[in-house]
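Since the structure comes first, as structure tokens, the remarks are kept for the end.
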Amino acid sequence: MESFSLILAIVVITALAFDFTNGFHDTANAMATTISTGALKPKVAVALSAALNLVGAFLSVEVANTISKGLVDETGIRPEVIFAALVGAILWNLVTWLVGLPSSSSHALMGGLIGAAVASAGLGAVHGDVLVTKVLLPAVAAPVVAGLAAMLSTRLSYALGGKSNGKAADKGHRAGQIASAGLVSLAHGTNDAQKTMGVITLALIAGGAIAPGSNPPTWVILSAGLAIALGTYIGGWRIIRTMGKGLTELEPQQGFAAQTSAATAILASSHLGFSLSTTHVVSGSVMGAGLGRKGGVVRWSTATRMLVAWVLTLPAAALVGAGAEAVTGLGDWGTAVVAVFLVVSSAVIWKLSRREVVDHTNVNHTDEPAGVVTQAMAAVTPPPVGAVATETGALAASVPAQASASADRANPPAAV
């Protein structure tokens, strides 16, 4: 039976809070395209995603073991270090949610953990080989692979379905999109929910509650699965809007190709124990699907902002985690200060989000510009023939009128 101290209880609660933010932050990964194409109503989509996230949490513990046993040296980690890492991850999740950017919750957690561990025990506390092979390399490769797969799948889908009945084909693609979105949700549970399991397990080991090298206890698996499922059901509507409408406009064929490619990549990574960012994978597959349709346009301004957020995630969360660890290292009062800072900062971010509410009623509304290519095409497109004829006729009619007015001014009528 695990023996709990106060700080260990605080760490577990904070980890589940992070898992909750991970859920609503990453709902877009599974359901954004399904919602944007109208395959499912928004509330139905997030409910389905939440249920499958919970199921996925029980399918594997490989990713959890990567976090708890591989990334950092578990023998030199105190529970306060885990708490500081979670503070960095939660705040980054909330900030990027506020601005509607689908950044990686996984990398926020990794960054917070690395920063706090280095601040506590030095660079030797981080296993660099695991960081490179199971975190950084998949972060670069996964969105590229998923994007290429989605682009090829989209082109194949349009080629094979070119002569099929429009309504029947759309119906089939919508059904396939729902199935593939469910698969992404299941895969998300096998990958992202396990990250919180790994963090809680690492905290239990650091606090002496369980033996080093232990797998996540059953109650940890269940609580992490429930937390991410609840967060998913709440719905991260701001990020769903960006992922579903801000990157590109998707048709059912594209949505099906994007979701299937993303699910395949995530499930394969979970099996191999890679701590993959589902955000990176799904974003790559959505852009690939956008480019796969003839005439499709990717809004590169949005894609660029997302890329900047991806690059900043690890170092930003690491800096916050390191700063939080420096304060918690001052004693119990330092831990209390960090906890208050986390609560106050979260409340401020939530208050700011109320200035412009995004929910299931307006999630498909976007003012995002159409993109450079689309705007350039519009600039050189000639006006319709009818409009030209109307404008020419109006100009021709105005010339005699102007001439008559000039003659009247030159020869005013004689006074009677």
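Letters for chains follow the order of the structure tokens (A, B, ...), residue numbers begin at 1 for each chain, and ligand numbers begin at 1 in the order shown.
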
If you count only C-alpha atoms, which residues fall within 6 Å of A:Thr279, apart from same-chain ones fewer than 2 positions away, as a VMD selection string? chain A and resid 29 104 277 281 to 283

May I have the residues from that selection written out with N, CA, C and O atoms, as a PDB file, in the first residue's frame?
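Result file is out.pdb:
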```
ATOM      1  N   ASN A  29      -7.086  17.335 -31.783  1.00  0.00           N
ATOM      2  CA  ASN A  29      -6.316  16.334 -32.513  1.00  0.00           C
ATOM      3  C   ASN A  29      -7.214  15.236 -33.061  1.00  0.00           C
ATOM      4  O   ASN A  29      -6.985  14.717 -34.151  1.00  0.00           O
ATOM      5  N   SER A 104       2.116  21.293 -28.369  1.00  0.00           N
ATOM      6  CA  SER A 104       2.205  19.931 -27.846  1.00  0.00           C
ATOM      7  C   SER A 104       2.150  19.897 -26.320  1.00  0.00           C
ATOM      8  O   SER A 104       3.057  20.408 -25.656  1.00  0.00           O
ATOM      9  N   SER A 277       4.089  13.566 -29.944  1.00  0.00           N
ATOM     10  CA  SER A 277       3.116  14.644 -29.849  1.00  0.00           C
ATOM     11  C   SER A 277       1.982  14.383 -30.839  1.00  0.00           C
ATOM     12  O   SER A 277       2.184  14.462 -32.055  1.00  0.00           O
ATOM     13  N   VAL A 281       1.470  15.341 -35.066  1.00  0.00           N
ATOM     14  CA  VAL A 281       1.056  14.347 -36.062  1.00  0.00           C
ATOM     15  C   VAL A 281      -0.215  14.796 -36.775  1.00  0.00           C
ATOM     16  O   VAL A 281      -0.298  14.783 -38.013  1.00  0.00           O
ATOM     17  N   VAL A 282      -1.219  15.197 -36.011  1.00  0.00           N
ATOM     18  CA  VAL A 282      -2.494  15.572 -36.617  1.00  0.00           C
ATOM     19  C   VAL A 282      -2.349  16.857 -37.428  1.00  0.00           C
ATOM     20  O   VAL A 282      -2.929  16.981 -38.515  1.00  0.00           O
ATOM     21  N   SER A 283      -1.575  17.813 -36.946  1.00  0.00           N
ATOM     22  CA  SER A 283      -1.355  19.038 -37.713  1.00  0.00           C
ATOM     23  C   SER A 283      -0.687  18.727 -39.047  1.00  0.00           C
ATOM     24  O   SER A 283      -1.068  19.261 -40.094  1.00  0.00           O
TER      25      SER A 283
END
```

Counting only C-alpha atoms, which residues in stretch 221-306 of chain A sit no more than 9 Å from stretch 89-102 of chain A? For each one, give the nearest pair of atoms and the distance in Å, sorted by chain then residue number, as a tab-separated table.
```
residue	atom	partner	partner_atom	distance
A:Gly236	CA	A:Trp97	CA	7.4
A:Trp237	CA	A:Gly100	CA	8.4
A:Arg238	CA	A:Gly100	CA	4.8
A:Ile239	CA	A:Gly100	CA	4.6
A:Ile240	CA	A:Gly100	CA	8.1
A:Arg241	CA	A:Gly100	CA	7.8
A:Thr242	CA	A:Gly100	CA	6.3
A:Met243	CA	A:Pro102	CA	7.2
A:Thr279	CA	A:Pro102	CA	6.3
A:His280	CA	A:Pro102	CA	8.4
A:Ser283	CA	A:Pro102	CA	8.2
A:Thr302	CA	A:Leu101	CA	8.8
A:Arg305	CA	A:Leu101	CA	7.7
A:Met306	CA	A:Leu101	CA	6.1
```

Using only C-alpha atoms, which protein or nucleic acid residues come within 12 Å of stretch 179-183 of chain A? Drop anything in the same chain fewer than 3 positions from it, and give the result as a PyMOL selection string. chain A and resi 27-35+39-40+44-56+172-176+186-190+252-267+282

Query raised in the report: atom CA of A:Arg354 to atom CA of A:Ser106: how many Å, to one decimal?
Result: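 These two atoms are separated by 26.1 Å.
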
Compile the contact shell of A:Ala57 as a PDB file with N, CA and C atoms, in the first residue's frame: residues with an atom at most 8 Å away, counting only C-alpha atoms, same-chain residues fewer than 4 positions apart removed.
```
ATOM      1  N   ASN A  53     -10.839   7.964 -25.345  1.00  0.00           N
ATOM      2  CA  ASN A  53      -9.620   8.300 -24.613  1.00  0.00           C
ATOM      3  C   ASN A  53      -9.489   7.449 -23.357  1.00  0.00           C
ATOM      4  N   GLY A 189      -5.520   8.226 -26.225  1.00  0.00           N
ATOM      5  CA  GLY A 189      -5.549   7.664 -24.881  1.00  0.00           C
ATOM      6  C   GLY A 189      -4.356   6.771 -24.601  1.00  0.00           C
ATOM      7  N   THR A 190      -3.913   6.008 -25.625  1.00  0.00           N
ATOM      8  CA  THR A 190      -2.763   5.129 -25.423  1.00  0.00           C
ATOM      9  C   THR A 190      -1.460   5.900 -25.325  1.00  0.00           C
ATOM     10  N   ASN A 191      -1.433   7.149 -25.776  1.00  0.00           N
ATOM     11  CA  ASN A 191      -0.188   7.917 -25.775  1.00  0.00           C
ATOM     12  C   ASN A 191      -0.204   9.022 -24.731  1.00  0.00           C
ATOM     13  N   ALA A 193      -2.561   9.993 -22.338  1.00  0.00           N
ATOM     14  CA  ALA A 193      -2.972   9.669 -20.969  1.00  0.00           C
ATOM     15  C   ALA A 193      -1.832   8.983 -20.222  1.00  0.00           C
ATOM     16  N   GLN A 194      -1.015   8.234 -20.940  1.00  0.00           N
ATOM     17  CA  GLN A 194       0.078   7.515 -20.298  1.00  0.00           C
ATOM     18  C   GLN A 194       1.177   8.443 -19.805  1.00  0.00           C
ATOM     19  N   ILE A 221      -3.684   4.413 -13.503  1.00  0.00           N
ATOM     20  CA  ILE A 221      -4.194   4.274 -14.869  1.00  0.00           C
ATOM     21  C   ILE A 221      -5.630   4.768 -14.957  1.00  0.00           C
ATOM     22  N   LEU A 222      -6.455   4.363 -13.993  1.00  0.00           N
ATOM     23  CA  LEU A 222      -7.875   4.747 -14.010  1.00  0.00           C
ATOM     24  C   LEU A 222      -8.047   6.251 -13.826  1.00  0.00           C
ATOM     25  N   ALA A 224      -5.892   8.704 -14.355  1.00  0.00           N
ATOM     26  CA  ALA A 224      -5.367   9.456 -15.494  1.00  0.00           C
ATOM     27  C   ALA A 224      -6.309   9.366 -16.688  1.00  0.00           C
ATOM     28  N   GLY A 225      -6.868   8.179 -16.908  1.00  0.00           N
ATOM     29  CA  GLY A 225      -7.819   8.017 -18.004  1.00  0.00           C
ATOM     30  C   GLY A 225      -9.073   8.850 -17.808  1.00  0.00           C
TER      31      GLY A 225
END
```

(message) Applying 12 Å and only C-alpha atoms, which residues near stretch 133-143 of chain A remain after dropping the ones on its own chain fewer than 4 positions away? List them as a VMD selection string.
(response) chain A and resid 62 to 63 65 to 67 70 to 71 103 to 104 106 to 111 114 127 to 129 147 to 151 258 261 to 270 272 to 288 307 310 to 311 313 to 314

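The space separating atom CA of A:Val118 from atom CA of A:Leu330 comes to 16.3 Å.
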
Using only C-alpha atoms, the residue out of A:Ser353, A:Thr248, A:Thr328, A:Thr232 with shortest distance to A:Ala303 is A:Thr248

As an MDAnalysis selection string, please: all residues of stretch 158-282 of chain A that backbone DSSP puts in alpha helix (DSSP H). chainID A and resid 158:160 166:206 218:234 237:241 252:272 278:282

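The closest residue to A:Gln177, picked from A:Ile82, A:Met197, A:Leu250, A:Ala9 and counting only C-alpha atoms, is A:Leu250.
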
Would you compute the distance between atom CA of A:Val199 and atom CA of A:Val344? Give it in Å to one decimal.
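Separation of atom CA of A:Val199 and atom CA of A:Val344: 23.4 Å.
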
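With only C-alpha atoms as the atoms that count, the minimum distance from A:Ile7 to the choices A:Ala229, A:Ala336, A:Val308, A:Val358 is reached by A:Ala336.
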